[in-house]
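A.B. asks: File name entry.tsv; file contents TSV, C-alpha atoms and all ligand atoms; full text below.
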```tsv
chain	number	residue	atom	x	y	z
A	1215	MET	CA	0.00	0.00	0.00
A	1216	ARG	CA	1.34	3.46	-0.87
A	1217	ILE	CA	0.58	6.92	0.46
A	1218	LEU	CA	-1.10	9.40	-1.89
A	1219	LEU	CA	-1.80	12.07	0.72
A	1220	ASP	CA	-0.81	12.33	4.35
A	1221	PRO	CA	-1.07	15.87	5.72
A	1222	ARG	CA	0.94	14.88	8.78
A	1223	ARG	CA	3.92	13.72	6.73
A	1224	PRO	CA	3.86	15.82	3.55
A	1225	ALA	CA	7.22	14.49	2.41
A	1226	THR	CA	6.05	10.89	2.06
A	1227	PRO	CA	3.77	10.68	-1.02
A	1228	GLY	CA	4.51	7.43	-2.81
A	1229	GLY	CA	6.02	5.90	0.34
A	1230	ARG	CA	5.25	2.24	1.00
A	1231	LEU	CA	3.55	1.40	4.25
A	1232	THR	CA	4.29	-1.35	6.73
A	1233	VAL	CA	1.33	-2.85	8.58
A	1234	ALA	CA	2.45	-1.06	11.78
A	1235	ALA	CA	2.50	2.28	9.96
A	1236	LEU	CA	-0.94	1.60	8.50
A	1237	VAL	CA	-2.32	0.84	11.97
A	1238	ASP	CA	-0.77	4.07	13.23
A	1239	LEU	CA	-2.22	6.14	10.36
A	1240	TYR	CA	-5.74	4.96	11.22
A	1241	ALA	CA	-5.46	5.53	14.99
A	1242	PRO	CA	-8.23	7.82	16.25
A	1243	PRO	CA	-7.30	10.89	18.34
A	1244	PRO	CA	-6.38	9.28	21.67
A	1245	ARG	CA	-7.95	11.53	24.24
A	1246	ARG	CA	-11.14	12.53	22.43
A	1247	ARG	CA	-14.48	11.00	21.71
A	1248	TRP	CA	-14.38	10.13	18.04
A	1249	VAL	CA	-17.04	8.84	15.65
A	1250	ARG	CA	-15.96	7.57	12.27
A	1251	SER	CA	-17.80	5.69	9.58
A	1252	ASN	CA	-16.39	3.13	7.18
A	1253	MET	CA	-17.99	2.41	3.80
A	1254	VAL	CA	-16.91	0.94	0.48
A	1255	ALA	CA	-18.21	1.95	-2.96
A	1256	THR	CA	-17.43	1.01	-6.53
A	1257	VAL	CA	-15.99	3.51	-9.01
A	1258	ASP	CA	-19.54	4.12	-10.27
A	1259	GLY	CA	-20.72	4.84	-6.74
A	1260	SER	CA	-22.56	1.67	-5.79
A	1261	ALA	CA	-22.45	0.56	-2.15
A	1262	VAL	CA	-23.24	-3.02	-3.14
A	1263	GLY	CA	-22.34	-5.54	-5.81
A	1264	ALA	CA	-24.75	-7.49	-8.01
A	1265	ASP	CA	-25.71	-9.71	-5.04
A	1266	GLY	CA	-26.97	-6.69	-3.07
A	1267	ARG	CA	-24.16	-6.91	-0.52
A	1268	SER	CA	-21.04	-4.87	0.07
A	1269	GLY	CA	-18.96	-8.02	0.62
A	1270	SER	CA	-18.86	-8.67	-3.12
A	1271	VAL	CA	-17.07	-5.37	-3.85
A	1272	ASN	CA	-14.49	-5.57	-1.04
A	1273	THR	CA	-10.82	-5.90	-1.94
A	1274	PRO	CA	-7.88	-7.23	0.11
A	1275	ALA	CA	-6.75	-3.66	0.92
A	1276	ASP	CA	-10.26	-2.72	2.03
A	1277	ASN	CA	-10.51	-5.83	4.19
A	1278	ARG	CA	-7.21	-5.00	5.87
A	1279	VAL	CA	-8.28	-1.46	6.71
A	1280	PHE	CA	-11.74	-2.70	7.78
A	1281	ALA	CA	-10.02	-4.93	10.35
A	1282	ILE	CA	-7.70	-2.15	11.54
A	1283	LEU	CA	-10.62	0.24	12.01
A	1284	ARG	CA	-12.43	-2.38	14.08
A	1285	ASP	CA	-9.33	-2.99	16.18
A	1286	HIS	CA	-9.17	0.75	16.96
A	1287	ALA	CA	-12.85	0.93	17.98
A	1288	ASP	CA	-14.43	0.56	21.42
A	1289	ALA	CA	-17.82	0.09	19.76
A	1290	VAL	CA	-18.87	-0.99	16.27
A	1291	VAL	CA	-22.28	0.44	15.41
A	1292	ALA	CA	-24.45	-0.71	12.50
A	1293	GLY	CA	-28.06	-0.44	11.45
A	1294	ALA	CA	-30.19	-3.51	11.97
A	1295	GLY	CA	-30.63	-3.74	8.17
A	1296	THR	CA	-26.92	-4.18	7.60
A	1297	MET	CA	-26.66	-6.67	10.45
A	1298	ARG	CA	-29.44	-8.75	8.88
A	1299	ASP	CA	-28.18	-8.43	5.27
A	1300	GLU	CA	-24.52	-9.03	6.01
A	1301	GLY	CA	-24.99	-11.67	8.72
A	1302	TYR	CA	-23.21	-9.73	11.46
A	1303	ARG	CA	-21.92	-11.60	14.50
A	1304	ARG	CA	-20.41	-10.32	17.74
A	1305	ILE	CA	-16.82	-9.12	17.36
A	1306	GLU	CA	-13.91	-11.52	17.76
A	1307	PRO	CA	-10.74	-10.62	19.66
A	1308	THR	CA	-7.61	-10.14	17.56
A	1309	ARG	CA	-3.91	-10.02	18.31
A	1310	ARG	CA	-4.00	-6.21	18.07
A	1311	SER	CA	-7.23	-5.92	20.02
A	1312	PRO	CA	-7.54	-8.74	22.55
A	1313	VAL	CA	-10.56	-7.03	24.14
A	1314	PRO	CA	-13.13	-7.09	21.34
A	1315	ALA	CA	-15.27	-4.07	20.58
A	1316	THR	CA	-18.90	-3.95	21.66
A	1317	LEU	CA	-21.26	-4.54	18.74
A	1318	VAL	CA	-24.15	-2.05	18.77
A	1319	ALA	CA	-27.28	-2.49	16.64
A	1320	VAL	CA	-29.44	0.54	15.86
A	1321	THR	CA	-33.08	-0.34	15.29
A	1322	ARG	CA	-36.42	1.43	15.35
A	1323	SER	CA	-38.38	-1.82	15.40
A	1324	GLY	CA	-36.45	-3.10	18.42
A	1325	LYS	CA	-35.95	-6.52	16.79
A	1326	VAL	CA	-32.70	-8.12	17.91
A	1327	PRO	CA	-30.62	-9.11	14.85
A	1328	GLU	CA	-29.90	-12.85	14.82
A	1329	GLY	CA	-26.12	-12.50	15.15
A	1330	LEU	CA	-26.42	-10.53	18.39
A	1331	ARG	CA	-28.61	-13.06	20.14
A	1332	THR	CA	-26.21	-15.68	21.39
A	1333	PRO	CA	-23.12	-14.75	23.37
A	1334	THR	CA	-20.28	-16.80	21.88
A	1335	ALA	CA	-17.25	-17.65	24.01
A	1336	GLY	CA	-14.49	-15.13	23.48
A	1337	ARG	CA	-16.53	-12.74	21.36
A	1338	GLY	CA	-17.39	-9.23	22.55
A	1339	PRO	CA	-20.61	-7.95	24.12
A	1340	ALA	CA	-23.63	-6.61	22.24
A	1341	LEU	CA	-25.98	-3.68	22.79
A	1342	LEU	CA	-29.26	-2.75	21.17
A	1343	VAL	CA	-30.02	0.94	20.69
A	1344	THR	CA	-33.67	1.62	19.99
A	1345	CYS	CA	-36.46	4.10	20.70
A	1346	ASP	CA	-39.95	4.22	22.25
A	1347	ALA	CA	-41.50	3.57	18.82
A	1348	ALA	CA	-40.34	-0.05	19.15
A	1349	GLY	CA	-43.22	-0.58	21.59
A	1350	THR	CA	-43.42	-2.40	24.89
A	1351	ARG	CA	-43.60	-5.92	23.47
A	1352	ALA	CA	-40.48	-5.57	21.32
A	1353	LEU	CA	-38.61	-3.85	24.13
A	1354	ASN	CA	-39.51	-6.59	26.61
A	1355	ARG	CA	-38.47	-9.25	24.11
A	1356	ALA	CA	-35.15	-7.52	23.45
A	1357	ARG	CA	-34.52	-7.20	27.19
A	1358	SER	CA	-35.25	-10.87	27.74
A	1359	VAL	CA	-32.80	-11.84	24.97
A	1360	LEU	CA	-29.94	-9.44	25.72
A	1361	GLY	CA	-30.52	-8.41	29.35
A	1362	ALA	CA	-32.12	-5.11	30.40
A	1363	GLU	CA	-28.77	-3.34	30.77
A	1364	SER	CA	-27.95	-4.07	27.11
A	1365	VAL	CA	-31.03	-2.36	25.65
A	1366	LEU	CA	-30.75	1.43	25.40
A	1367	VAL	CA	-33.90	3.40	24.63
A	1368	CYS	CA	-32.87	6.69	23.06
A	1369	GLY	CA	-35.60	8.95	21.72
A	1370	ASP	CA	-39.27	8.68	20.86
A	1371	ASP	CA	-40.01	8.04	17.19
A	1372	ARG	CA	-36.42	7.62	15.92
A	1373	VAL	CA	-33.19	6.76	17.63
A	1374	ASP	CA	-31.60	9.95	18.96
A	1375	LEU	CA	-28.05	9.20	17.84
A	1376	ALA	CA	-26.43	12.03	19.84
A	1377	LEU	CA	-28.03	10.67	23.02
A	1378	ALA	CA	-27.05	7.11	22.09
A	1379	LEU	CA	-23.41	8.15	21.65
A	1380	ASP	CA	-23.49	9.94	25.03
A	1381	LEU	CA	-24.73	6.73	26.65
A	1382	LEU	CA	-22.01	4.71	24.92
A	1383	ALA	CA	-19.38	7.20	26.13
A	1384	ASP	CA	-20.76	6.88	29.68
A	1385	ARG	CA	-19.91	3.18	29.37
A	1386	GLY	CA	-16.38	4.01	28.25
A	1387	LEU	CA	-17.11	3.42	24.55
A	1388	ARG	CA	-15.56	6.63	23.22
A	1389	HIS	CA	-14.08	5.56	19.89
A	1390	VAL	CA	-17.04	4.56	17.78
A	1391	LEU	CA	-16.98	3.00	14.31
A	1392	VAL	CA	-20.21	3.25	12.30
A	1393	GLU	CA	-20.24	0.56	9.61
A	1394	GLY	CA	-23.44	1.76	7.95
A	1395	GLY	CA	-25.61	1.01	6.26
A	1396	PRO	CA	-26.49	3.93	4.06
A	1397	SER	CA	-29.68	4.82	6.01
A	1398	LEU	CA	-27.92	4.88	9.36
A	1399	LEU	CA	-25.02	6.89	7.98
A	1400	GLY	CA	-27.47	9.38	6.45
A	1401	THR	CA	-29.16	9.96	9.80
A	1402	ALA	CA	-25.82	10.09	11.63
A	1403	LEU	CA	-24.52	12.77	9.25
A	1404	ALA	CA	-27.80	14.68	9.53
A	1405	ALA	CA	-27.49	14.56	13.32
A	1406	GLY	CA	-23.98	16.03	13.08
A	1407	VAL	CA	-22.40	13.24	15.11
A	1408	VAL	CA	-19.83	12.00	12.57
A	1409	ASP	CA	-16.26	13.31	12.89
A	1410	GLU	CA	-14.64	11.37	10.08
A	1411	LEU	CA	-15.56	9.16	7.11
A	1412	ALA	CA	-13.33	6.30	6.04
A	1413	THR	CA	-14.08	5.48	2.41
A	1414	THR	CA	-12.85	2.86	0.00
A	1415	VAL	CA	-13.27	3.08	-3.75
A	1416	ALA	CA	-13.00	-0.42	-5.18
A	1417	PRO	CA	-11.59	-0.59	-8.72
A	1418	VAL	CA	-14.70	-1.99	-10.37
A	1419	VAL	CA	-17.78	-0.67	-12.19
A	1420	VAL	CA	-20.98	-2.58	-11.47
A	1421	GLY	CA	-23.83	-0.60	-13.05
A	1422	GLY	CA	-27.30	-1.50	-11.81
A	1423	ASN	CA	-29.27	0.52	-9.29
A	1424	GLY	CA	-27.31	-0.20	-6.13
A	1425	ARG	CA	-27.67	2.39	-3.42
A	1426	ARG	CA	-24.98	4.90	-2.57
A	1427	ILE	CA	-23.08	4.84	0.72
A	1428	VAL	CA	-25.32	7.57	2.18
A	1429	THR	CA	-29.08	7.71	1.60
A	1430	GLY	CA	-32.06	9.54	3.09
A	1431	ALA	CA	-32.94	13.22	3.10
A	1432	PRO	CA	-30.52	15.70	1.48
A	1433	LEU	CA	-27.84	16.72	3.97
A	1434	ALA	CA	-27.38	20.39	4.88
A	1435	PRO	CA	-29.00	21.61	1.64
A	1436	PRO	CA	-27.99	22.99	-0.76
A	1437	ALA	CA	-24.28	22.49	-0.17
A	1438	GLY	CA	-24.12	19.21	1.78
A	1439	VAL	CA	-21.81	18.33	4.66
A	1440	ALA	CA	-18.33	19.65	3.87
A	1441	VAL	CA	-15.38	17.31	4.41
A	1442	ARG	CA	-11.65	17.69	3.91
A	1443	PRO	CA	-9.20	14.94	2.96
A	1444	HIS	CA	-7.04	13.75	5.84
A	1445	LEU	CA	-5.42	10.67	4.33
A	1446	MET	CA	-5.34	8.89	0.97
A	1447	LEU	CA	-3.80	5.53	0.18
A	1448	GLU	CA	-3.73	3.21	-2.82
A	1449	GLU	CA	-3.13	-0.49	-3.35
A	1450	SER	CA	-3.74	-2.39	-6.60
A	1451	GLY	CA	-6.25	0.22	-7.72
A	1452	THR	CA	-8.18	0.39	-4.44
A	1453	VAL	CA	-8.22	3.97	-3.13
A	1454	LEU	CA	-8.73	4.40	0.60
A	1455	ALA	CA	-9.29	7.73	2.33
A	1456	LEU	CA	-10.15	9.44	5.57
A	1457	TRP	CA	-12.32	12.54	5.26
A	1458	ARG	CA	-12.75	14.86	8.25
A	1459	VAL	CA	-16.07	16.63	8.64
A	1460	ARG	CA	-15.59	20.41	8.67
A	1461	ARG	CA	-17.19	21.96	11.74
B	1	LIG	N1	-20.91	-0.34	1.01
B	1	LIG	C1	-20.82	-0.43	2.30
B	1	LIG	O1	-19.78	-0.12	2.88
B	1	LIG	C2	-22.00	-0.93	3.09
B	1	LIG	C3	-21.96	-0.90	4.47
B	1	LIG	C4	-23.07	-1.36	5.17
B	1	LIG	C5	-24.17	-1.84	4.49
B	1	LIG	N2	-24.15	-1.88	3.15
B	1	LIG	C6	-25.31	-2.41	2.41
B	1	LIG	O2	-26.42	-1.57	2.66
B	1	LIG	C7	-27.62	-2.35	2.58
B	1	LIG	C8	-28.48	-2.05	3.79
B	1	LIG	O3	-28.81	-0.70	3.73
B	1	LIG	P1	-29.74	0.02	4.79
B	1	LIG	O4	-29.69	1.48	4.53
B	1	LIG	O5	-31.05	-0.67	4.85
B	1	LIG	O6	-28.96	-0.34	6.12
B	1	LIG	P2	-29.08	0.10	7.63
B	1	LIG	O7	-29.02	1.56	7.84
B	1	LIG	O8	-28.04	-0.73	8.29
B	1	LIG	O9	-30.47	-0.51	8.06
B	1	LIG	C9	-31.69	0.13	8.05
B	1	LIG	C10	-32.40	-0.36	9.28
B	1	LIG	O10	-31.58	-0.07	10.43
B	1	LIG	C11	-32.33	0.55	11.43
B	1	LIG	N3	-31.95	1.97	11.46
B	1	LIG	C12	-31.04	2.59	10.65
B	1	LIG	N4	-30.91	3.87	11.03
B	1	LIG	C13	-31.73	4.06	12.07
B	1	LIG	C14	-32.04	5.17	12.90
B	1	LIG	N5	-31.42	6.36	12.73
B	1	LIG	N6	-32.96	5.02	13.88
B	1	LIG	C15	-33.57	3.83	14.06
B	1	LIG	N7	-33.32	2.73	13.32
B	1	LIG	C16	-32.41	2.85	12.35
B	1	LIG	C17	-33.77	0.28	11.06
B	1	LIG	O11	-33.98	-1.04	11.55
B	1	LIG	P3	-35.38	-1.69	11.92
B	1	LIG	O12	-35.96	-2.08	10.60
B	1	LIG	O13	-35.05	-2.86	12.78
B	1	LIG	O14	-36.18	-0.64	12.63
B	1	LIG	C18	-33.71	0.34	9.55
B	1	LIG	O15	-34.77	-0.36	8.92
B	1	LIG	C19	-27.19	-3.78	2.49
B	1	LIG	O16	-27.32	-4.18	1.16
B	1	LIG	C20	-25.74	-3.79	2.88
B	1	LIG	O17	-25.03	-4.78	2.22
B	1	LIG	C21	-23.12	-1.42	2.41
```
What does this structure look like when you write it as structure tokens?
Ligand SMILES: NC(=O)c1ccc[n+]([C@@H]2O[C@H](COP(=O)([O-])OP(=O)(O)OC[C@H]3O[C@@H](n4cnc5c(N)ncnc54)[C@H](OP(=O)(O)O)[C@@H]3O)[C@@H](O)[C@H]2O)c1
C.D. replies:
Amino acid sequence: MRILLDPRRPATPGGRLTVAALVDLYAPPPRRRWVRSNMVATVDGSAVGADGRSGSVNTPADNRVFAILRDHADAVVAGAGTMRDEGYRRIEPTRRSPVPATLVAVTRSGKVPEGLRTPTAGRGPALLVTCDAAGTRALNRARSVLGAESVLVCGDDRVDLALALDLLADRGLRHVLVEGGPSLLGTALAAGVVDELATTVAPVVVGGNGRRIVTGAPLAPPAGVAVRPHLMLEESGTVLALWRVRR
């Protein structure tokens, strides 16, 4: 993997990266709360391949950075749709991160995604973040599956993401990785809670009508949410970047 842009080390464009240097480049600011997203898209802007999943457009470089971002996170947050579609399971420990991140599902319906249900030996804990709209029955069911302390009710009709992140921080989960999907990322950007977007452009063109990596209502019309490049890397045609949200 080679550096295309690294504002911290302007003399290094073209430099080759060791794994340790790559891990270091993706480290979140150590003493701050930090929310970053991670999404992959094709050159023609699709968030999914022909099978309707993002897994079919991943590349080895993207997979490596995906793992590094998880290792840096205290909590991995995803919408219930992504957890269902991509078959999410609780996070496994790794050599770099022997204490696995907490997996957090965001859901309005309050339905517990299958992969969160059973604690598996060695894997990390799971939380469900939902709202009053889920209703008493769904909330009671979720509490009986996960335990009352693992079900956070944040907001009335929709999940209040700012409140949810405050509650995660109260539990020591300060470095948060949002892995999508596009609906959740849209609402997170609209709520102004995202500090940084990690993006991967996979060197493939898929056509079709696949969704983009952010969907939902237009963001901050008419101009959108402004971001600035913080890091850009390339390997075998895959272009990976970190974009910081301008405040
Ligand atoms: N390219 C990528 O990097 C990438 C990453 C992730 C996913 N994907 C793809 O994206 C597709 C799924 O897209 P999606 O937009 O449906 O995913 P999503 O945002 O993960 O799921 C939508 C569901 O999540 C819950 N949800 C999301 N935001 C919420 C909010 N603010 N408040 C309350 N609940 C919320 C709701 O669950 P309930 O229905 O339970 O209420 C909603 O129906 C899949 O095909 C997946 O493969 C691509």
A.B. asks: Contacts of Val1367 (chain A) at 9 Å or less, counting only C-alpha atoms, minus same-chain residues fewer than 2 places along, as a list in words?
C.D. replies: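 Contacts, with the query itself left out: Leu1342, Val1343, Thr1344, Cys1345, Asp1346, Leu1353, Val1365, Gly1369, Asp1370, Val1373, Asp1374 and Ala1378 of chain A.
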A.B. asks: Counting only C-alpha atoms, figure out which residue out of A:Pro1436, A:Gly1424, A:Pro1312, A:Gly1293 gets nearest to Thr1401 (chain A).
C.D. replies: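 When distances to Thr1401 (chain A) are compared using only C-alpha atoms, the smallest one comes from A:Gly1293.
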A.B. asks: Residues near Arg1278 (chain A), anyone? I mean within 10 Å using only C-alpha atoms, not counting same-chain ones fewer than 4 positions away, as number ranges by chain.
C.D. replies: A: 1233, 1236-1237, 1273-1274, 1282-1283
A.B. asks: Using only C-alpha atoms and all ligand atoms, which residues have at least one atom no more than 7 Å from ligand LIG 1 (chain B)? Output them as a VMD selection string.
C.D. replies: chain A and resid 1252 to 1255 1261 to 1262 1266 to 1268 1292 to 1297 1299 to 1300 1320 to 1325 1344 1372 to 1373 1375 1393 to 1399 1401 to 1402 1427 1429
A.B. asks: Nearest residue to Leu1381 (chain A) out of A:Ala1348, A:Val1419, A:Leu1433, A:Ala1289, using all atoms listed in the file?
C.D. replies: A:Ala1289
A.B. asks: Name the residues in contact with Gly1229 (chain A) at a cut-off of 9 Å, using all atoms listed in the file, excluding same-chain residues fewer than 6 positions from it; report them as a PyMOL selection string.
C.D. replies: chain A and resi 1215-1218
A.B. asks: So, with only C-alpha atoms as the atoms that count, which of A:Gly1361, A:Ala1412, A:Ser1251, A:Pro1307 lies closest to Leu1447 (chain A)?
C.D. replies: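 Among the listed residues, A:Ala1412 lies closest to Leu1447 (chain A).
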A.B. asks: Quick one: pull the distance between CA of Arg1461 (chain A) and CA of Leu1219 (chain A), Å, one decimal.
C.D. replies: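 Separation of CA of Arg1461 (chain A) and CA of Leu1219 (chain A): 21.4 Å.
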